[in-house]
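Novice: Enclosed is the structure file upload.cif (mmCIF, C-alpha atoms and all ligand atoms).
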data_my_file
loop_
_atom_site.group_PDB
_atom_site.id
_atom_site.type_symbol
_atom_site.label_atom_id
_atom_site.label_comp_id
_atom_site.auth_asym_id
_atom_site.auth_seq_id
_atom_site.Cartn_x
_atom_site.Cartn_y
_atom_site.Cartn_z
ATOM 1 C CA MET A 1 28.375 11.706 -101.822
ATOM 2 C CA GLY A 2 26.080 13.278 -99.222
ATOM 3 C CA PHE A 3 22.934 11.759 -97.793
ATOM 4 C CA PHE A 4 20.771 13.655 -100.288
ATOM 5 C CA SER A 5 22.616 12.250 -103.302
ATOM 6 C CA LYS A 6 22.572 8.716 -101.924
ATOM 7 C CA LEU A 7 18.856 8.939 -101.311
ATOM 8 C CA PHE A 8 17.855 10.399 -104.669
ATOM 9 C CA GLY A 9 20.768 9.483 -106.871
ATOM 10 C CA LEU A 10 21.123 13.149 -107.748
ATOM 11 C CA LYS A 11 24.131 15.354 -108.161
ATOM 12 C CA GLU A 12 24.413 17.923 -105.430
ATOM 13 C CA PRO A 13 24.881 21.534 -106.527
ATOM 14 C CA SER A 14 28.608 22.202 -106.601
ATOM 15 C CA ALA A 15 30.364 25.448 -105.754
ATOM 16 C CA ASP A 16 31.358 26.171 -109.372
ATOM 17 C CA VAL A 17 27.710 26.330 -110.561
ATOM 18 C CA PRO A 18 26.547 29.956 -110.842
ATOM 19 C CA ALA A 19 23.937 30.849 -108.216
ATOM 20 C CA ASN A 20 21.375 31.981 -110.784
ATOM 21 C CA THR A 21 21.113 28.418 -112.199
ATOM 22 C CA TYR A 22 18.758 27.639 -109.316
ATOM 23 C CA LEU A 23 15.314 29.181 -109.147
ATOM 24 C CA THR A 24 14.603 31.444 -106.232
ATOM 25 C CA GLU A 25 11.569 30.746 -104.057
ATOM 26 C CA THR A 26 9.783 33.704 -105.663
ATOM 27 C CA ALA A 27 10.544 32.391 -109.149
ATOM 28 C CA ILE A 28 9.194 28.940 -108.239
ATOM 29 C CA LYS A 29 6.041 30.505 -106.789
ATOM 30 C CA GLN A 30 5.597 32.594 -109.939
ATOM 31 C CA LYS A 31 6.069 29.493 -112.121
ATOM 32 C CA ASN A 32 3.409 27.572 -110.167
ATOM 33 C CA GLU A 33 0.994 30.487 -110.393
ATOM 34 C CA ASP A 34 1.537 30.707 -114.159
ATOM 35 C CA SER A 35 0.835 26.963 -114.510
ATOM 36 C CA ASN A 36 -2.359 27.292 -112.448
ATOM 37 C CA ILE A 37 -3.584 30.125 -114.658
ATOM 38 C CA LYS A 38 -2.823 28.144 -117.842
ATOM 39 C CA PHE A 39 -4.566 25.082 -116.429
ATOM 40 C CA LYS A 40 -7.731 27.035 -115.471
ATOM 41 C CA GLN A 41 -7.805 28.769 -118.863
ATOM 42 C CA THR A 42 -7.575 25.413 -120.675
ATOM 43 C CA LYS A 43 -10.201 23.819 -118.420
ATOM 44 C CA GLU A 44 -12.699 26.580 -119.314
ATOM 45 C CA LEU A 45 -11.842 26.213 -122.998
ATOM 46 C CA PHE A 46 -12.423 22.429 -122.993
ATOM 47 C CA ILE A 47 -15.724 22.716 -121.071
ATOM 48 C CA HIS A 48 -16.883 25.191 -123.708
ATOM 49 C CA SER A 49 -15.642 23.070 -126.658
ATOM 50 C CA LEU A 50 -17.370 19.934 -125.341
ATOM 51 C CA GLU A 51 -20.634 21.877 -124.914
ATOM 52 C CA TYR A 52 -20.251 23.218 -128.444
ATOM 53 C CA TYR A 53 -19.618 19.741 -129.984
ATOM 54 C CA ASN A 54 -22.627 18.346 -128.115
ATOM 55 C CA SER A 55 -24.915 21.229 -129.103
ATOM 56 C CA ILE A 56 -24.472 20.183 -132.758
ATOM 57 C CA ASN A 57 -23.706 16.468 -132.670
ATOM 58 C CA CYS A 58 -21.335 14.881 -130.181
ATOM 59 C CA GLN A 59 -17.601 15.040 -129.465
ATOM 60 C CA CYS A 60 -17.017 11.828 -131.499
ATOM 61 C CA SER A 61 -17.754 13.596 -134.782
ATOM 62 C CA TYR A 62 -14.917 16.110 -134.305
ATOM 63 C CA PRO A 63 -11.512 14.980 -135.647
ATOM 64 C CA ARG A 64 -9.681 17.540 -133.479
ATOM 65 C CA PHE A 65 -11.269 16.063 -130.333
ATOM 66 C CA GLN A 66 -10.256 12.586 -131.490
ATOM 67 C CA GLN A 67 -6.729 13.782 -132.233
ATOM 68 C CA LEU A 68 -6.205 15.305 -128.811
ATOM 69 C CA ILE A 69 -7.647 12.482 -126.711
ATOM 70 C CA GLY A 70 -5.754 10.019 -128.927
ATOM 71 C CA ILE A 71 -2.257 11.168 -127.902
ATOM 72 C CA ASP A 72 -0.731 8.135 -126.214
ATOM 73 C CA CYS A 73 3.003 7.805 -125.612
ATOM 74 C CA THR A 74 2.867 4.004 -125.801
ATOM 75 C CA ASN A 75 2.053 4.327 -129.542
ATOM 76 C CA THR A 76 5.565 5.595 -130.169
ATOM 77 C CA GLY A 77 7.414 3.812 -127.366
ATOM 78 C CA ASN A 78 7.961 7.070 -125.443
ATOM 79 C CA SER A 79 7.196 7.778 -121.815
ATOM 80 C CA PHE A 80 5.351 11.045 -121.236
ATOM 81 C CA LYS A 81 2.110 12.560 -120.091
ATOM 82 C CA CYS A 82 0.298 15.114 -122.258
ATOM 83 C CA TYR A 83 -1.466 17.571 -119.937
ATOM 84 C CA ASP A 84 -3.878 18.716 -122.671
ATOM 85 C CA THR A 85 -4.939 15.110 -123.390
ATOM 86 C CA ASP A 86 -5.247 14.271 -119.709
ATOM 87 C CA LEU A 87 -7.483 17.251 -118.965
ATOM 88 C CA LEU A 88 -9.698 16.715 -122.024
ATOM 89 C CA ILE A 89 -10.246 13.048 -121.094
ATOM 90 C CA ASP A 90 -11.179 14.056 -117.518
ATOM 91 C CA LEU A 91 -13.664 16.673 -118.688
ATOM 92 C CA SER A 92 -15.251 14.522 -121.400
ATOM 93 C CA ALA A 93 -16.041 11.672 -118.960
ATOM 94 C CA GLU A 94 -19.529 13.065 -118.308
ATOM 95 C CA TYR A 95 -20.425 12.527 -121.993
ATOM 96 C CA PHE A 96 -19.755 8.773 -121.744
ATOM 97 C CA ASN A 97 -21.254 5.760 -120.012
ATOM 98 C CA ILE A 98 -18.435 3.879 -118.365
ATOM 99 C CA GLU A 99 -18.564 0.103 -118.624
ATOM 100 C CA LYS A 100 -16.383 -2.848 -117.772
ATOM 101 C CA SER A 101 -13.551 -3.501 -120.251
ATOM 102 C CA GLU A 102 -12.549 -6.915 -121.518
ATOM 103 C CA LEU A 103 -8.895 -5.831 -121.649
ATOM 104 C CA ASN A 104 -6.352 -5.843 -118.846
ATOM 105 C CA ASP A 105 -3.239 -4.395 -120.509
ATOM 106 C CA GLU A 106 -3.244 -1.246 -118.345
ATOM 107 C CA ASN A 107 -3.246 -0.668 -114.580
ATOM 108 C CA LYS A 108 -6.858 0.381 -115.079
ATOM 109 C CA ASN A 109 -9.041 -0.503 -118.108
ATOM 110 C CA GLU A 110 -12.573 0.741 -118.881
ATOM 111 C CA LYS A 111 -14.876 0.752 -121.879
ATOM 112 C CA TRP A 112 -16.294 4.224 -122.559
ATOM 113 C CA VAL A 113 -19.505 4.447 -124.638
ATOM 114 C CA CYS A 114 -20.698 7.819 -126.005
ATOM 115 C CA LYS A 115 -24.070 8.686 -124.442
ATOM 116 C CA LYS A 116 -25.291 10.119 -127.779
ATOM 117 C CA CYS A 117 -23.938 7.988 -130.654
ATOM 118 C CA CYS A 118 -22.744 4.857 -128.774
ATOM 119 C CA SER A 119 -19.250 4.998 -130.330
ATOM 120 C CA THR A 120 -16.876 3.006 -128.152
ATOM 121 C CA TYR A 121 -13.463 3.800 -126.725
ATOM 122 C CA GLU A 122 -10.943 1.923 -124.644
ATOM 123 C CA TYR A 123 -9.869 3.898 -121.600
ATOM 124 C CA GLY A 124 -6.585 3.073 -119.880
ATOM 125 C CA TRP A 125 -4.504 4.408 -117.051
ATOM 126 C CA SER A 126 -0.947 3.290 -116.220
ATOM 127 C CA ASP A 127 2.095 4.600 -114.400
ATOM 128 C CA PHE A 128 5.524 4.020 -115.908
ATOM 129 C CA SER A 129 7.586 5.328 -113.000
ATOM 130 C CA ILE A 130 7.002 7.321 -109.829
ATOM 131 C CA TYR A 131 7.177 10.457 -111.991
ATOM 132 C CA VAL A 132 5.163 9.571 -115.073
ATOM 133 C CA GLU A 133 1.626 8.271 -115.325
ATOM 134 C CA ARG A 134 -0.839 8.847 -118.120
ATOM 135 C CA GLN A 135 -4.386 8.090 -119.170
ATOM 136 C CA LYS A 136 -5.462 7.312 -122.725
ATOM 137 C CA LEU A 137 -8.743 7.115 -124.583
ATOM 138 C CA LYS A 138 -8.557 5.081 -127.768
ATOM 139 C CA LEU A 139 -11.400 5.087 -130.273
ATOM 140 C CA THR A 140 -12.419 1.482 -131.034
ATOM 141 C CA LYS A 141 -15.684 1.927 -132.967
ATOM 142 C CA LEU A 142 -16.970 5.153 -134.546
ATOM 143 C CA ASN A 143 -20.726 5.337 -135.115
ATOM 144 C CA VAL A 144 -20.974 8.847 -136.583
ATOM 145 C CA ALA A 145 -19.659 10.701 -139.623
ATOM 146 C CA TYR A 146 -17.119 13.457 -139.020
ATOM 147 C CA VAL A 147 -18.586 16.965 -139.169
ATOM 148 C CA GLY A 148 -15.664 18.861 -137.661
ATOM 149 C CA LYS A 149 -12.694 20.471 -139.378
ATOM 150 C CA PRO A 150 -9.600 18.445 -140.288
ATOM 151 C CA VAL A 151 -6.633 18.118 -137.960
ATOM 152 C CA ASP A 152 -3.286 19.908 -138.160
ATOM 153 C CA LYS A 153 0.052 18.178 -138.014
ATOM 154 C CA PRO A 154 2.145 18.667 -135.872
ATOM 155 C CA VAL A 155 -0.550 18.507 -133.159
ATOM 156 C CA PRO A 156 -0.883 21.922 -131.491
ATOM 157 C CA LEU A 157 -0.601 21.783 -127.682
ATOM 158 C CA TYR A 158 -0.979 24.486 -125.063
ATOM 159 C CA LEU A 159 -0.195 22.794 -121.720
ATOM 160 C CA GLY A 160 2.334 20.410 -123.241
ATOM 161 C CA LEU A 161 4.188 17.287 -122.196
ATOM 162 C CA MET A 162 6.042 15.983 -119.152
ATOM 163 C CA GLY A 163 8.061 12.782 -118.999
ATOM 164 C CA HIS A 164 11.231 10.877 -119.787
ATOM 165 C CA SER A 165 11.198 10.729 -123.612
ATOM 166 C CA TYR A 166 9.284 12.843 -126.112
ATOM 167 C CA PRO A 167 8.009 12.745 -129.704
ATOM 168 C CA SER A 168 9.818 14.947 -132.244
ATOM 169 C CA ASN A 169 8.642 18.445 -133.141
ATOM 170 C CA GLN A 170 7.310 17.005 -136.385
ATOM 171 C CA GLU A 171 4.654 15.350 -134.187
ATOM 172 C CA ILE A 172 3.762 18.083 -131.688
ATOM 173 C CA LYS A 173 4.206 21.839 -131.354
ATOM 174 C CA ASN A 174 3.499 24.309 -128.570
ATOM 175 C CA VAL A 175 1.154 27.126 -129.563
ATOM 176 C CA SER A 176 -0.319 30.259 -127.958
ATOM 177 C CA PHE A 177 -3.620 30.094 -126.094
ATOM 178 C CA ASP A 178 -5.434 31.973 -128.876
ATOM 179 C CA GLU A 179 -4.181 29.577 -131.523
ATOM 180 C CA PHE A 180 -5.123 26.576 -129.393
ATOM 181 C CA SER A 181 -8.536 28.026 -128.551
ATOM 182 C CA ASN A 182 -9.327 28.648 -132.247
ATOM 183 C CA TYR A 183 -8.273 25.100 -133.073
ATOM 184 C CA MET A 184 -10.463 23.462 -130.406
ATOM 185 C CA ASN A 185 -13.405 25.735 -131.226
ATOM 186 C CA GLU A 186 -13.336 24.878 -134.941
ATOM 187 C CA LYS A 187 -12.319 28.336 -136.133
HETATM 188 ZN ZN ZN B 201 -20.614 10.252 -129.888
#
Write the structure described by the file as structure tokens, please.
Ligand SMILES: [Zn+2]
Specialist:
Amino acid sequence: MGFFSKLFGLKEPSADVPANTYLTETAIKQKNEDSNIKFKQTKELFIHSLEYYNSINCQCSYPRFQQLIGIDCTNTGNSFKCYDTDLLIDLSAEYFNIEKSELNDENKNEKWVCKKCCSTYEYGWSDFSIYVERQKLKLTKLNVAYVGKPVDKPVPLYLGLMGHSYPSNQEIKNVSFDEFSNYMNEK
């Protein structure tokens, strides 16, 4: 075992592994660029969806918003982060007043109150390992009626998941940007 393996507990590449198993520097760069483009695309989509929900009512009255922010791996005993959920929570923060939570079951707990309808949510952030951390936003009291379209199951995702253990494909599915965009924009 070399120093690298001792340090990280990883298997070193052995001579019998074909060279093309490992990504070239150009391929890694291309992969990162693709992820950045997907991330920016999704950020613009969510900003637009949140503006749309709030031009009619508020985000709370849209089941598809609730479905996406509600993805939380601790509900199923898995350990993953959902990039779509994480980004939507970040971008929706400006539509909430953030108060002190009475809970302390997460590394960070907050009570989020909708600025428009005063529905309440429990916000939490925790890390499960040095690789996986996630934030959640759990609806605790809904003060509005739903006006948005119903949700699909499996939950459509565009950015997807990263972690140690995942839900089955009966729970989530990866879709194209157009499909995801139509879903979030109530089409
Ligand atoms: Zn609301």
Novice: Write as a list in words the residues around ligand ZN 201 (chain B), taking 6 Å as the cut-off and counting only C-alpha atoms and all ligand atoms.
Specialist: Cys58, Gln59, Cys60, Cys114, Lys116, Cys117, Cys118 and Ser119 of chain A
Novice: Return as a Markdown table the residues of segment 59-97 of chain A lying at most 8 Å from segment 155-166 of chain A, together with the closest atom-to-atom pair for each and the distance in Å to one decimal, counting all atoms listed in the file, with rows in chain order and ascending residue number.
Specialist:
| residue | atom | partner | partner_atom | distance |
| --- | --- | --- | --- | --- |
| A:Gln67 | CA | A:Val155 | CA | 7.8 |
| A:Leu68 | CA | A:Val155 | CA | 7.8 |
| A:Asn78 | CA | A:Ser165 | CA | 5.2 |
| A:Ser79 | CA | A:Ser165 | CA | 5.3 |
| A:Phe80 | CA | A:Gly163 | CA | 3.9 |
| A:Lys81 | CA | A:Met162 | CA | 5.3 |
| A:Cys82 | CA | A:Leu161 | CA | 4.5 |
| A:Tyr83 | CA | A:Leu159 | CA | 5.7 |
| A:Asp84 | CA | A:Leu159 | CA | 5.6 |
Novice: In Å to one decimal, how far is atom CA of Asp86 of chain A from atom CA of Phe39 of chain A?
Specialist: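 Value for the atom CA of Phe39 of chain A-atom CA of Asp86 of chain A distance: 11.3 Å.
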Novice: Compare A:Lys31, A:Lys108, A:Lys38, A:Arg64 by their minimum atom-to-atom distance to Lys187 of chain A, counting only C-alpha atoms, and give me the closest one.
Specialist: A:Arg64
Novice: With only C-alpha atoms as the atoms that count, which of A:Thr24, A:Asn32, A:Leu103, A:Glu44 lies nearest to Asn185 of chain A?
Specialist: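 Smallest separation from Asn185 of chain A among the options: A:Glu44.
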Novice: Figure out the distance between atom CA of Glu186 of chain A and atom CA of Leu45 of chain A, please, to one decimal in Å.
Specialist: 12.1 Å
Novice: I'd like the interatomic distance between atom CA of Pro63 of chain A and atom CA of Glu179 of chain A, to a tenth of an Å.
Specialist: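 Computing it gives 16.8 Å between the two atoms.
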Novice: Using all atoms listed in the file, determine which residues lie at most 9 Å from Glu122 of chain A, disregarding the query and same-chain residues fewer than 5 positions distant; provide the list as JSON, numbers by chain.
Specialist: {"A": [101, 103, 109, 110, 111, 112, 113, 136, 137, 138, 139, 140]}
Novice: Next, write the just-selected residues to a file, as a PDB file, in the frame of the given file, keeping C-alpha atoms as the atom set.
Specialist:
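Result saved to selection_25.pdb:
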ATOM      1  CA  SER A 101     -13.551  -3.501-120.251  1.00  0.00           C
ATOM      2  CA  LEU A 103      -8.895  -5.831-121.649  1.00  0.00           C
ATOM      3  CA  ASN A 109      -9.041  -0.503-118.108  1.00  0.00           C
ATOM      4  CA  GLU A 110     -12.573   0.741-118.881  1.00  0.00           C
ATOM      5  CA  LYS A 111     -14.876   0.752-121.879  1.00  0.00           C
ATOM      6  CA  TRP A 112     -16.294   4.224-122.559  1.00  0.00           C
ATOM      7  CA  VAL A 113     -19.505   4.447-124.638  1.00  0.00           C
ATOM      8  CA  LYS A 136      -5.462   7.312-122.725  1.00  0.00           C
ATOM      9  CA  LEU A 137      -8.743   7.115-124.583  1.00  0.00           C
ATOM     10  CA  LYS A 138      -8.557   5.081-127.768  1.00  0.00           C
ATOM     11  CA  LEU A 139     -11.400   5.087-130.273  1.00  0.00           C
ATOM     12  CA  THR A 140     -12.419   1.482-131.034  1.00  0.00           C
TER      13      THR A 140
END
Novice: Restricting the calculation to only C-alpha atoms, which member of A:Gln170, A:Phe46, A:Gln66, A:Asp72 is positioned closest to Gly124 of chain A?
Specialist: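 Result for the nearest residue to Gly124 of chain A: A:Asp72.
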Novice: Under the rule that all atoms listed in the file are counted, which of A:Leu50, A:Val147, A:Ile56, A:Leu142 is the nearest residue to Met184 of chain A?
Specialist: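 Selected residue with least distance to Met184 of chain A: A:Leu50.
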Novice: Which residue out of A:Ser61, A:Thr76, A:Thr120, A:Ser129 has the minimum interatomic distance to Ala145 of chain A when only C-alpha atoms are used?
Specialist: A:Ser61
Novice: Using all atoms listed in the file, which of A:Asn36, A:Ser92, A:Asn104, A:Asn97 sits nearest Ser49 of chain A?
Specialist: A:Ser92
